[in-house]
file final-v5.cif (mmCIF, C-alpha atoms)
data_entry
#
loop_
_atom_site.group_PDB
_atom_site.id
_atom_site.type_symbol
_atom_site.label_atom_id
_atom_site.label_comp_id
_atom_site.auth_asym_id
_atom_site.auth_seq_id
_atom_site.Cartn_x
_atom_site.Cartn_y
_atom_site.Cartn_z
ATOM 1 C CA LEU F 1 0.000 0.000 0.000
ATOM 2 C CA SER F 2 2.821 2.387 0.845
ATOM 3 C CA VAL F 3 4.386 1.806 -2.596
ATOM 4 C CA ILE F 4 1.089 2.622 -4.310
ATOM 5 C CA MET F 5 0.732 5.827 -2.260
ATOM 6 C CA ILE F 6 4.241 6.917 -3.253
ATOM 7 C CA LEU F 7 3.544 6.238 -6.944
ATOM 8 C CA LEU F 8 0.265 8.169 -6.752
ATOM 9 C CA PHE F 9 2.038 11.083 -5.053
ATOM 10 C CA PHE F 10 4.692 11.363 -7.760
ATOM 11 C CA GLY F 11 2.173 10.747 -10.519
ATOM 12 C CA TYR F 12 -0.254 13.455 -9.344
ATOM 13 C CA PRO F 13 1.412 16.324 -11.309
ATOM 14 C CA PHE F 14 0.780 14.447 -14.569
ATOM 15 C CA LEU F 15 -2.931 15.193 -14.153
ATOM 16 C CA TYR F 16 -2.104 18.768 -15.165
ATOM 17 C CA VAL F 17 0.116 17.931 -18.142
ATOM 18 C CA ARG F 18 -0.989 19.614 -21.368
ATOM 19 C CA LEU F 19 0.152 17.729 -24.432
ATOM 20 C CA GLY F 20 1.096 19.437 -27.674
ATOM 21 C CA VAL F 21 2.737 18.629 -30.978
ATOM 22 C CA ALA F 22 6.426 19.520 -31.125
ATOM 23 C CA ASP F 23 7.499 22.567 -33.128
ATOM 24 C CA THR F 24 10.731 24.430 -33.882
ATOM 25 C CA ARG F 25 11.284 25.233 -30.197
ATOM 26 C CA ILE F 26 12.599 21.704 -29.640
ATOM 27 C CA LEU F 27 15.451 22.288 -32.119
ATOM 28 C CA PRO F 28 18.974 23.249 -30.969
ATOM 29 C CA LYS F 29 19.282 27.032 -30.666
ATOM 30 C CA GLY F 30 22.279 27.005 -32.970
ATOM 31 C CA SER F 31 20.468 25.291 -35.840
ATOM 32 C CA ASP F 32 19.549 27.236 -38.972
ATOM 33 C CA SER F 33 15.869 26.320 -38.692
ATOM 34 C CA TYR F 34 15.626 27.552 -35.096
ATOM 35 C CA GLN F 35 17.379 30.823 -35.933
ATOM 36 C CA PHE F 36 15.150 31.405 -38.963
ATOM 37 C CA PHE F 37 11.928 30.937 -37.008
ATOM 38 C CA SER F 38 13.237 33.013 -34.102
ATOM 39 C CA GLU F 39 13.995 35.882 -36.465
ATOM 40 C CA TYR F 40 10.644 35.447 -38.216
ATOM 41 C CA GLN F 41 8.835 35.521 -34.882
ATOM 42 C CA LYS F 42 10.484 38.842 -33.974
ATOM 43 C CA LYS F 43 9.483 40.590 -37.202
ATOM 44 C CA PHE F 44 6.276 38.859 -38.253
ATOM 45 C CA ASN F 45 3.299 36.975 -36.872
ATOM 46 C CA GLU F 46 4.439 33.374 -36.399
ATOM 47 C CA ASN F 47 0.876 32.088 -36.632
ATOM 48 C CA GLU F 48 0.665 33.205 -40.255
ATOM 49 C CA LEU F 49 2.805 30.166 -41.077
ATOM 50 C CA ASN F 50 0.219 27.865 -39.480
ATOM 51 C CA PRO F 51 -3.252 29.251 -40.211
ATOM 52 C CA ILE F 52 -6.580 27.565 -39.668
ATOM 53 C CA LEU F 53 -8.142 26.789 -43.036
ATOM 54 C CA LEU F 54 -11.920 27.012 -43.202
ATOM 55 C CA VAL F 55 -13.237 25.311 -46.337
ATOM 56 C CA VAL F 56 -16.628 26.558 -47.498
ATOM 57 C CA LYS F 57 -18.171 24.002 -49.841
ATOM 58 C CA SER F 58 -21.276 24.305 -52.008
ATOM 59 C CA LYS F 59 -23.485 21.358 -52.937
ATOM 60 C CA LYS F 60 -23.465 22.693 -56.502
ATOM 61 C CA ASN F 61 -20.703 24.131 -58.688
ATOM 62 C CA ASP F 62 -21.771 27.681 -57.891
ATOM 63 C CA ILE F 63 -19.497 28.871 -55.091
ATOM 64 C CA LEU F 64 -19.140 32.288 -56.775
ATOM 65 C CA SER F 65 -22.863 32.833 -57.200
ATOM 66 C CA SER F 66 -24.276 36.088 -55.864
ATOM 67 C CA ASN F 67 -26.098 34.333 -53.020
ATOM 68 C CA ASN F 68 -23.043 32.338 -51.936
ATOM 69 C CA ILE F 69 -20.802 35.401 -52.071
ATOM 70 C CA LYS F 70 -23.287 37.118 -49.763
ATOM 71 C CA LYS F 71 -23.155 34.259 -47.246
ATOM 72 C CA ILE F 72 -19.348 34.065 -47.371
ATOM 73 C CA TYR F 73 -19.098 37.850 -46.997
ATOM 74 C CA TYR F 74 -21.184 37.899 -43.811
ATOM 75 C CA LEU F 75 -19.374 34.810 -42.527
ATOM 76 C CA THR F 76 -16.057 36.681 -42.721
ATOM 77 C CA LYS F 77 -17.684 39.605 -40.902
ATOM 78 C CA ARG F 78 -18.617 37.256 -38.053
ATOM 79 C CA LEU F 79 -15.118 35.800 -37.971
ATOM 80 C CA LYS F 80 -13.500 39.244 -37.720
ATOM 81 C CA GLN F 81 -15.598 39.970 -34.628
ATOM 82 C CA ASN F 82 -14.084 36.986 -32.817
ATOM 83 C CA LYS F 83 -11.484 38.255 -30.319
ATOM 84 C CA LEU F 84 -9.428 35.066 -30.734
ATOM 85 C CA ILE F 85 -8.881 35.796 -34.426
ATOM 86 C CA LYS F 86 -6.175 38.184 -35.575
ATOM 87 C CA GLU F 87 -6.647 38.019 -39.333
ATOM 88 C CA VAL F 88 -9.128 36.690 -41.900
ATOM 89 C CA ASN F 89 -8.127 36.294 -45.554
ATOM 90 C CA SER F 90 -10.566 35.243 -48.261
ATOM 91 C CA ILE F 91 -11.941 36.105 -51.677
ATOM 92 C CA VAL F 92 -14.262 38.672 -50.038
ATOM 93 C CA THR F 93 -11.639 40.380 -47.868
ATOM 94 C CA THR F 94 -8.830 40.829 -50.375
ATOM 95 C CA ILE F 95 -9.903 44.411 -51.244
ATOM 96 C CA PRO F 96 -11.063 46.156 -48.023
ATOM 97 C CA GLU F 97 -12.565 49.081 -49.944
ATOM 98 C CA LEU F 98 -15.186 46.871 -51.626
ATOM 99 C CA ASP F 99 -18.589 46.209 -50.091
ATOM 100 C CA LEU F 100 -20.887 43.230 -50.618
ATOM 101 C CA THR F 101 -22.464 44.564 -53.796
ATOM 102 C CA ALA F 102 -19.051 45.286 -55.321
ATOM 103 C CA TYR F 103 -17.833 41.745 -54.567
ATOM 104 C CA GLN F 104 -20.990 40.257 -56.068
ATOM 105 C CA GLN F 105 -20.473 42.288 -59.224
ATOM 106 C CA LEU F 106 -16.767 41.460 -59.306
ATOM 107 C CA TYR F 107 -17.205 37.684 -59.142
ATOM 108 C CA GLY F 108 -20.207 37.844 -61.453
ATOM 109 C CA MET F 109 -17.832 38.859 -64.227
ATOM 110 C CA PRO F 110 -16.198 36.252 -66.504
ATOM 111 C CA PRO F 111 -12.954 34.990 -64.882
ATOM 112 C CA SER F 112 -11.004 36.005 -67.968
ATOM 113 C CA SER F 113 -11.836 39.670 -67.328
ATOM 114 C CA LEU F 114 -10.373 39.704 -63.801
ATOM 115 C CA ASN F 115 -6.912 41.125 -63.136
ATOM 116 C CA LYS F 116 -3.905 38.851 -62.587
ATOM 117 C CA LYS F 117 -3.962 39.239 -58.804
ATOM 118 C CA LEU F 118 -7.578 38.076 -58.485
ATOM 119 C CA LYS F 119 -7.034 35.256 -60.984
ATOM 120 C CA LYS F 120 -4.125 33.993 -58.891
ATOM 121 C CA LEU F 121 -6.175 34.315 -55.686
ATOM 122 C CA LEU F 122 -9.006 32.257 -57.172
ATOM 123 C CA THR F 123 -6.567 29.663 -58.481
ATOM 124 C CA LEU F 124 -5.004 29.219 -55.036
ATOM 125 C CA THR F 125 -8.140 29.332 -52.878
ATOM 126 C CA THR F 126 -11.230 28.558 -54.921
ATOM 127 C CA GLY F 127 -12.692 25.817 -57.101
ATOM 128 C CA ASN F 128 -16.064 25.342 -58.743
ATOM 129 C CA ASN F 129 -17.751 24.265 -55.524
ATOM 130 C CA PHE F 130 -15.483 25.467 -52.714
ATOM 131 C CA THR F 131 -13.382 28.330 -51.406
ATOM 132 C CA VAL F 132 -10.872 28.479 -48.552
ATOM 133 C CA ILE F 133 -10.851 31.118 -45.817
ATOM 134 C CA ASN F 134 -7.478 31.622 -44.143
ATOM 135 C CA ILE F 135 -7.809 32.331 -40.397
ATOM 136 C CA VAL F 136 -4.865 33.443 -38.235
ATOM 137 C CA SER F 137 -5.196 32.963 -34.479
ATOM 138 C CA ARG F 138 -3.930 35.586 -32.027
ATOM 139 C CA TYR F 139 -2.358 32.816 -29.973
ATOM 140 C CA ASP F 140 0.120 29.963 -30.338
ATOM 141 C CA ILE F 141 -1.127 26.996 -32.361
ATOM 142 C CA ASN F 142 -0.934 24.658 -29.333
ATOM 143 C CA SER F 143 -2.462 27.123 -26.853
ATOM 144 C CA LEU F 144 -5.780 26.620 -25.097
ATOM 145 C CA HIS F 145 -7.116 29.778 -26.794
ATOM 146 C CA THR F 146 -6.491 28.336 -30.261
ATOM 147 C CA LYS F 147 -8.094 25.052 -29.240
ATOM 148 C CA ASN F 148 -11.162 26.995 -28.081
ATOM 149 C CA LEU F 149 -11.171 28.872 -31.387
ATOM 150 C CA VAL F 150 -11.148 25.615 -33.346
ATOM 151 C CA ALA F 151 -14.018 24.323 -31.187
ATOM 152 C CA GLN F 152 -16.011 27.496 -31.902
ATOM 153 C CA LEU F 153 -15.375 27.274 -35.635
ATOM 154 C CA ARG F 154 -16.532 23.663 -35.714
ATOM 155 C CA LYS F 155 -19.874 24.740 -34.266
ATOM 156 C CA MET F 156 -20.470 27.425 -36.886
ATOM 157 C CA HIS F 157 -23.227 27.039 -39.462
ATOM 158 C CA ILE F 158 -23.656 29.128 -42.585
ATOM 159 C CA SER F 159 -26.592 27.644 -44.531
ATOM 160 C CA ASN F 160 -28.129 24.382 -45.674
ATOM 161 C CA ARG F 161 -26.510 24.748 -49.097
ATOM 162 C CA LEU F 162 -23.017 25.487 -47.810
ATOM 163 C CA THR F 163 -20.943 23.294 -45.501
ATOM 164 C CA LEU F 164 -17.945 24.272 -43.391
ATOM 165 C CA ASN F 165 -14.881 22.070 -42.827
ATOM 166 C CA LEU F 166 -11.658 22.783 -40.971
ATOM 167 C CA THR F 167 -8.073 21.830 -41.703
ATOM 168 C CA GLY F 168 -4.606 23.298 -41.213
ATOM 169 C CA THR F 169 -1.809 22.631 -38.713
ATOM 170 C CA PRO F 170 -3.677 23.776 -35.543
ATOM 171 C CA VAL F 171 -6.672 21.596 -36.426
ATOM 172 C CA ASN F 172 -4.518 18.596 -37.364
ATOM 173 C CA ASN F 173 -2.585 18.889 -34.083
ATOM 174 C CA ILE F 174 -5.808 18.832 -32.079
ATOM 175 C CA ASP F 175 -7.138 15.830 -34.010
ATOM 176 C CA VAL F 176 -3.868 13.903 -33.604
ATOM 177 C CA LEU F 177 -3.770 14.506 -29.841
ATOM 178 C CA HIS F 178 -7.429 13.574 -29.543
ATOM 179 C CA SER F 179 -6.783 10.287 -31.366
ATOM 180 C CA ILE F 180 -3.787 9.554 -29.140
ATOM 181 C CA ALA F 181 -5.786 10.304 -25.984
ATOM 182 C CA HIS F 182 -8.628 8.085 -27.210
ATOM 183 C CA ALA F 183 -6.282 5.154 -27.935
ATOM 184 C CA PHE F 184 -4.105 5.640 -24.842
ATOM 185 C CA PHE F 185 -6.536 3.953 -22.410
ATOM 186 C CA TYR F 186 -6.914 0.898 -24.630
ATOM 187 C CA ALA F 187 -3.133 0.708 -25.097
ATOM 188 C CA ILE F 188 -2.608 0.664 -21.302
ATOM 189 C CA ILE F 189 -5.221 -2.083 -20.871
ATOM 190 C CA TRP F 190 -3.587 -4.129 -23.650
ATOM 191 C CA ILE F 191 -0.130 -3.752 -22.072
ATOM 192 C CA ILE F 192 -1.432 -4.792 -18.653
ATOM 193 C CA LEU F 193 -3.234 -7.851 -20.037
ATOM 194 C CA LEU F 194 -0.272 -8.896 -22.170
ATOM 195 C CA THR F 195 2.105 -8.482 -19.226
ATOM 196 C CA TYR F 196 -0.232 -10.504 -17.020
ATOM 197 C CA PHE F 197 -0.433 -13.437 -19.456
ATOM 198 C CA ILE F 198 3.340 -13.477 -20.011
ATOM 199 C CA LEU F 199 3.944 -13.546 -16.240
ATOM 200 C CA LEU F 200 1.210 -16.154 -15.910
ATOM 201 C CA LEU F 201 3.076 -18.469 -18.264
ATOM 202 C CA LEU F 202 6.401 -17.817 -16.572
ATOM 203 C CA LEU F 203 5.296 -17.979 -12.930
ATOM 204 C CA ARG F 204 2.414 -20.465 -13.367
ATOM 205 C CA SER F 205 0.336 -18.608 -10.808
ATOM 206 C CA LEU F 206 -2.867 -16.567 -11.032
ATOM 207 C CA PHE F 207 -2.037 -14.173 -8.206
ATOM 208 C CA LEU F 208 1.716 -13.511 -8.478
ATOM 209 C CA PRO F 209 1.426 -11.789 -11.913
ATOM 210 C CA LEU F 210 -1.427 -9.646 -10.583
ATOM 211 C CA LYS F 211 0.614 -8.669 -7.523
ATOM 212 C CA ALA F 212 3.626 -7.850 -9.726
ATOM 213 C CA ILE F 213 1.544 -5.567 -11.976
ATOM 214 C CA ILE F 214 -0.116 -3.698 -9.088
ATOM 215 C CA VAL F 215 3.048 -3.265 -7.031
#
call {"tool": "encode", "arguments": {"input": "final-v5.cif", "output": "structure tokens"}}
result
Amino acid sequence: LSVIMILLFFGYPFLYVRLGVADTRILPKGSDSYQFFSEYQKKFNENELNPILLVVKSKKNDILSSNNIKKIYYLTKRLKQNKLIKEVNSIVTTIPELDLTAYQQLYGMPPSSLNKKLKKLLTLTTGNNFTVINIVSRYDINSLHTKNLVAQLRKMHISNRLTLNLTGTPVNNIDVLHSIAHAFFYAIIWIILLTYFILLLLLRSLFLPLKAIIV
């Protein structure tokens, strides 16, 4: 019993461990990669390298229709009001001077008549039935604030004709850790059972293996 109490005492701090996916901070300070990201962090927003990508998908090949542009426009307005979000980049935020009507008219034009900058933007972010909104968090990608932001975004709804899906490094990190946490319990049970049966074969006793595992 005393051994168990000691193990529980030393194991108690692990209840407050917050897991995260490793990043450049684990690299040696003298490495080129570490120095590059350190310098980038001083001059720019580090989170711009790891944005949250919100994919808006239409059930039809009409993502640039006037009605869809309206819904995407007001969606970006809602996103900008979120205090956890630093920056929102999309096909309806690229020119701040334009209002909703101007964007509807702009994307109602034939693609061939658009300027090179808008053509490139559409090529990189938009297809026939989807467009990608780039969201930059105010906080570190592994922080609790960013996790809360991802949770909020997953609850958002835009319309019955448009669906929202998330991807990007912050989202992938959360999903990976969630999968690990989900499988961890079953892995521990499997290790305990396997250890028990191996000791059972070696010791030829039902109780000695159990005592060895507990103590």
call {"tool": "closest_residue", "arguments": {"input": "final-v5.cif", "among": "F:Ala183, F:Ile174, F:Leu124, F:Lys117", "to": "Leu144 (chain F)", "atoms": "only C-alpha atoms"}}
result
F:Ile174
call {"tool": "resolve_selection", "arguments": {"input": "final-v5.cif", "expression": "the PyMOL selection byres ((chain F and resi 131) around 8)", "output": "ChimeraX atom specification"}}
result
/F:55-57,63,91,125-127,129-130,132-133
call {"tool": "atom_distance", "arguments": {"input": "final-v5.cif", "atom1": "CA of Asn47 (chain F)", "atom2": "CA of Asn142 (chain F)"}}
result
10.6 Å
call {"tool": "residues_near_point", "arguments": {"input": "final-v5.cif", "point": "(2.9, 29.3, -35.8)", "cutoff": "6 Å", "atoms": "only C-alpha atoms", "output": "NGL selection string"}}
result
:F and (46-47 or 49-50 or 141)
call {"tool": "residues_around", "arguments": {"input": "final-v5.cif", "residues": "Tyr196 (chain F)", "least_positions_apart": "3", "cutoff": "10 Å", "atoms": "all atoms listed in the file", "output": "mmCIF file with C-alpha atoms, in the coordinates of the input"}}
result
data_model
loop_
_atom_site.group_PDB
_atom_site.id
_atom_site.type_symbol
_atom_site.label_atom_id
_atom_site.label_comp_id
_atom_site.auth_asym_id
_atom_site.auth_seq_id
_atom_site.Cartn_x
_atom_site.Cartn_y
_atom_site.Cartn_z
ATOM 1 C CA TRP F 190 -3.587 -4.129 -23.650
ATOM 2 C CA ILE F 191 -0.130 -3.752 -22.072
ATOM 3 C CA ILE F 192 -1.432 -4.792 -18.653
ATOM 4 C CA LEU F 193 -3.234 -7.851 -20.037
ATOM 5 C CA LEU F 199 3.944 -13.546 -16.240
ATOM 6 C CA LEU F 200 1.210 -16.154 -15.910
ATOM 7 C CA LEU F 201 3.076 -18.469 -18.264
ATOM 8 C CA LEU F 202 6.401 -17.817 -16.572
ATOM 9 C CA LEU F 206 -2.867 -16.567 -11.032
ATOM 10 C CA PHE F 207 -2.037 -14.173 -8.206
ATOM 11 C CA LEU F 208 1.716 -13.511 -8.478
ATOM 12 C CA PRO F 209 1.426 -11.789 -11.913
ATOM 13 C CA LEU F 210 -1.427 -9.646 -10.583
ATOM 14 C CA LYS F 211 0.614 -8.669 -7.523
ATOM 15 C CA ALA F 212 3.626 -7.850 -9.726
ATOM 16 C CA ILE F 213 1.544 -5.567 -11.976
#
call {"tool": "resolve_selection", "arguments": {"input": "final-v5.cif", "expression": "the PyMOL selection byres ((chain F and resi 163) around 10)", "output": "list in words"}}
result
Val55, Val56, Lys57, Ser58, Lys59, Phe130, Met156, His157, Ile158, Ser159, Asn160, Arg161, Leu162, Leu164 and Asn165 of chain F
call {"tool": "closest_residue", "arguments": {"input": "final-v5.cif", "among": "F:Ile72, F:Leu64, F:Leu149, F:Lys119", "to": "Tyr107 (chain F)", "atoms": "all atoms listed in the file"}}
result
F:Leu64
call {"tool": "closest_residue", "arguments": {"input": "final-v5.cif", "among": "F:Tyr34, F:Phe197, F:Phe185, F:Tyr103", "to": "Ser66 (chain F)", "atoms": "all atoms listed in the file"}}
result
F:Tyr103
call {"tool": "atom_distance", "arguments": {"input": "final-v5.cif", "atom1": "CA of Ala151 (chain F)", "atom2": "CA of Leu122 (chain F)"}}
result
27.6 Å
call {"tool": "closest_residue", "arguments": {"input": "final-v5.cif", "among": "F:Asn173, F:Thr195, F:Thr123, F:Asn68", "to": "Leu100 (chain F)", "atoms": "only C-alpha atoms"}}
result
F:Asn68
call {"tool": "closest_residue", "arguments": {"input": "final-v5.cif", "among": "F:Phe36, F:Leu121, F:Gln104, F:Tyr139", "to": "Ile85 (chain F)", "atoms": "only C-alpha atoms"}}
result
F:Tyr139
call {"tool": "residues_around", "arguments": {"input": "final-v5.cif", "residues": "Leu53 (chain F)", "least_positions_apart": "4", "cutoff": "8 Å", "atoms": "all atoms listed in the file", "output": "ChimeraX atom specification"}}
result
/F:132-135,166-168
call {"tool": "resolve_selection", "arguments": {"input": "final-v5.cif", "expression": "the PyMOL selection byres ((chain F and resi 101) around 12)", "output": "PyMOL selection string"}}
result
chain F and resi 66-67+69-70+73+92+97-100+102-108
call {"tool": "closest_residue", "arguments": {"input": "final-v5.cif", "among": "F:Val171, F:Pro110, F:Phe9, F:Val176", "to": "Ser65 (chain F)", "atoms": "all atoms listed in the file"}}
result
F:Pro110
call {"tool": "atom_distance", "arguments": {"input": "final-v5.cif", "atom1": "CA of Thr146 (chain F)", "atom2": "CA of Val88 (chain F)"}}
result
14.6 Å
call {"tool": "decode", "arguments": {"input": "final-v5.cif", "residues": "region 149-160 of chain F", "atoms": "all heavy atoms", "output": "compact mmCIF listing (two decimals), in the first residue's frame"}}
result
# COMPACT_ATOMS: atom_id res chain seq x y z
N LEU F 149 -10.79 28.29 -30.10
CA LEU F 149 -11.17 28.87 -31.39
C LEU F 149 -11.59 27.79 -32.37
O LEU F 149 -12.62 27.92 -33.06
CB LEU F 149 -10.01 29.69 -31.95
CG LEU F 149 -10.19 30.24 -33.38
CD1 LEU F 149 -11.42 31.12 -33.46
CD2 LEU F 149 -8.94 31.00 -33.82
N VAL F 150 -10.82 26.72 -32.45
CA VAL F 150 -11.15 25.61 -33.35
C VAL F 150 -12.50 25.01 -32.96
O VAL F 150 -13.33 24.70 -33.83
CB VAL F 150 -10.04 24.54 -33.32
CG1 VAL F 150 -10.49 23.28 -34.07
CG2 VAL F 150 -8.76 25.08 -33.92
N ALA F 151 -12.74 24.87 -31.66
CA ALA F 151 -14.02 24.32 -31.19
C ALA F 151 -15.18 25.23 -31.59
O ALA F 151 -16.25 24.76 -32.00
CB ALA F 151 -13.98 24.15 -29.67
N GLN F 152 -14.97 26.54 -31.50
CA GLN F 152 -16.01 27.50 -31.90
C GLN F 152 -16.29 27.42 -33.41
O GLN F 152 -17.44 27.45 -33.85
CB GLN F 152 -15.59 28.92 -31.52
CG GLN F 152 -15.56 29.18 -30.03
CD GLN F 152 -15.05 30.58 -29.71
OE1 GLN F 152 -15.12 31.49 -30.53
NE2 GLN F 152 -14.53 30.76 -28.50
N LEU F 153 -15.22 27.33 -34.18
CA LEU F 153 -15.38 27.27 -35.64
C LEU F 153 -16.11 26.01 -36.07
O LEU F 153 -16.88 26.03 -37.03
CB LEU F 153 -14.00 27.34 -36.31
CG LEU F 153 -13.23 28.66 -36.15
CD1 LEU F 153 -11.84 28.54 -36.76
CD2 LEU F 153 -13.99 29.81 -36.79
N ARG F 154 -15.88 24.93 -35.36
CA ARG F 154 -16.53 23.66 -35.71
C ARG F 154 -18.04 23.71 -35.44
O ARG F 154 -18.81 22.92 -36.01
CB ARG F 154 -15.88 22.52 -34.94
CG ARG F 154 -14.59 22.05 -35.58
CD ARG F 154 -13.92 20.95 -34.82
NE ARG F 154 -12.94 20.27 -35.66
CZ ARG F 154 -11.90 19.60 -35.21
NH1 ARG F 154 -11.69 19.48 -33.89
NH2 ARG F 154 -11.05 19.01 -36.04
N LYS F 155 -18.45 24.62 -34.58
CA LYS F 155 -19.87 24.74 -34.27
C LYS F 155 -20.60 25.71 -35.19
O LYS F 155 -21.83 25.81 -35.14
CB LYS F 155 -20.05 25.20 -32.81
CG LYS F 155 -19.58 24.19 -31.78
CD LYS F 155 -19.75 24.73 -30.38
CE LYS F 155 -19.24 23.74 -29.33
NZ LYS F 155 -19.37 24.28 -27.95
N MET F 156 -19.86 26.42 -36.02
CA MET F 156 -20.47 27.43 -36.89
C MET F 156 -21.29 26.79 -38.01
O MET F 156 -20.96 25.71 -38.51
CB MET F 156 -19.39 28.33 -37.49
CG MET F 156 -18.69 29.22 -36.50
SD MET F 156 -17.59 30.43 -37.28
CE MET F 156 -18.81 31.54 -37.99
N HIS F 157 -22.35 27.49 -38.37
CA HIS F 157 -23.23 27.04 -39.46
C HIS F 157 -23.49 28.24 -40.36
O HIS F 157 -23.72 29.35 -39.87
CB HIS F 157 -24.53 26.49 -38.90
CG HIS F 157 -25.52 26.09 -39.95
ND1 HIS F 157 -25.38 24.94 -40.71
CD2 HIS F 157 -26.67 26.69 -40.38
CE1 HIS F 157 -26.41 24.84 -41.55
NE2 HIS F 157 -27.20 25.89 -41.37
N ILE F 158 -23.48 28.02 -41.66
CA ILE F 158 -23.66 29.13 -42.59
C ILE F 158 -24.98 29.03 -43.34
O ILE F 158 -25.72 30.00 -43.41
CB ILE F 158 -22.45 29.22 -43.56
CG1 ILE F 158 -22.59 30.42 -44.48
CG2 ILE F 158 -22.26 27.95 -44.35
CD1 ILE F 158 -21.33 30.71 -45.28
N SER F 159 -25.29 27.87 -43.88
CA SER F 159 -26.59 27.64 -44.53
C SER F 159 -26.72 26.17 -44.87
O SER F 159 -25.76 25.40 -44.73
CB SER F 159 -26.72 28.49 -45.81
OG SER F 159 -25.97 27.91 -46.86
N ASN F 160 -27.90 25.78 -45.31
CA ASN F 160 -28.13 24.38 -45.67
C ASN F 160 -27.43 24.01 -46.97
O ASN F 160 -27.17 22.84 -47.24
CB ASN F 160 -29.64 24.12 -45.80
CG ASN F 160 -30.35 24.22 -44.46
OD1 ASN F 160 -29.76 23.93 -43.42
ND2 ASN F 160 -31.60 24.64 -44.49
